[in-house]
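Undergrad: Quick one: this structure, given as structure tokens, is what I'll be asking you about.
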Amino acid sequence: VVLHSTFDPPEFPDRRLKRLKEALSMCDRVLAHSPVDLNRLKDTGLIENTALIPHGLLDWSGREAADDVNKGVIQNAGYFLLSSFGFFLPHKGLEQLLDAIAILKEQGLPVRLKMLNAEYPAEISRAAISEIRSKIEKLGLADCVVIDTTYYNDGDCLERLAQSRLIIFPYQQTNESSSAAVRHAVASGAPVAVTPLSIFEDVRDAVIQLPGAKPEELAEGIGRIMSWDQMQWRNYWDAANSWRRAHYHVVIGKRLSAMIKALYKDLLRRAS
């Protein structure tokens, strides 16, 4: 069994991890994506059959082009292009990001924001999009913010993300323990910055952590990254590329395959 999250959802008080303990104890392996989830499983008494298996990453052939863009071979028309990514939902911190863009603009920094946030098929998403459009007008950001709510396939999505000088995840709060969206961003090859939340703990070595989730903290972090020198960028690229190589689907797949084979051999041994 693979658990994407072990957090007890507050909106569903009857859904508790401890209620699954007996069923999960019958599994040969219960897999979690993060150390936080693994420890939560152990706290319930599931110790002998639990293990960590990281979320995998796409190995995209166009990533080298993104390296050229972000290492200065190609310049983005004299401005620093930010992108947000993921489904258009309230907890993603998009309103706070707009406030941060307004702060940076007021400081005279040449930033642009492309919101690659697809509409989720629910009223809460449509309402969030409407609120963001109103906020853009209110803050006078129509000249530097573009909204794209299209749901793209993997290739088209990665190509758009790769043109970013920085992909930012300004999440405010979430019950999820792992983010597929941030992995997609990392796979694009563009730099990625995140707020200091546990959902990003398992990609820590591949991303840049912002000082906080408030608009002022987002603006501070973005401004600081914009002023990085060559050595700071080189250190980031080395760490991010090393993390990518260790987390491609083919690498994680081999680990999972070896685990399944070992479990099967043990089953045959116990049965003989």
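Numbering starts fresh at 1 for the residues of each chain in the structure tokens, the chains themselves are lettered A, B, ... in the order given, and ligands are numbered from 1 as they appear.
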If you take only C-alpha atoms and a cut-off of 10 Å, which residues of segment 77-110 of chain A touch segment 192-208 of chain A, and what are their nearest atom pairs and distances in Å to one decimal, in chain and number order, as CSV?
TA:
residue,atom,partner,partner_atom,distance
A:Leu82,CA,A:Val192,CA,9.7
A:Ser83,CA,A:Val192,CA,9.4
A:Ser84,CA,A:Val192,CA,9.8
A:Gly93,CA,A:Thr195,CA,9.5
Undergrad: Among the residues of segment 71-258 of chain A, find those DSSP assigns to strand (DSSP E) from the backbone and print them as a ChimeraX atom specification.
TA: /A:80-85,111-116,145-148,166-169,192-194,208-209
Undergrad: Sorted by chain and rising residue number, list the residues of segment 180-241 of chain A at most 9 Å from segment 99-108 of chain A (counting only C-alpha atoms), each with its closest atom pair and distance in Å to one decimal, as a tab-separated table.
TA:
residue	atom	partner	partner_atom	distance
A:Lys214	CA	A:Ala100	CA	8.3
A:Pro215	CA	A:Ala100	CA	4.6
A:Glu216	CA	A:Ala100	CA	6.2
A:Glu217	CA	A:Ala100	CA	8.0
A:Leu218	CA	A:Ala100	CA	5.9
A:Ala219	CA	A:Ala100	CA	4.7
A:Glu220	CA	A:Ala100	CA	8.4
A:Ile222	CA	A:Leu104	CA	8.5
A:Gly223	CA	A:Leu104	CA	7.3
Undergrad: Could you go through segment 18-246 of chain A and tell me which residues DSSP, when run on the backbone, assigns to helix (DSSP H, G or I), listing them as a count of residues only?
TA: 114
Undergrad: Neighbours of Val251 of chain A within 12 Å (only C-alpha atoms; same-chain residues fewer than 6 positions away dropped), as a PyMOL selection string?
TA: chain A and resi 53-59+243-245+257-258
Undergrad: In Å, rounded to a single decimal, give me how far atom CA of Cys144 of chain A is from atom CA of Val111 of chain A.
TA: 7.2 Å
Undergrad: Contacts of Asp154 of chain A at 12 Å or less, counting only C-alpha atoms, minus same-chain residues fewer than 5 places along, as a ChimeraX atom specification?
TA: /A:57-62,159-162,181,183-185,187-188
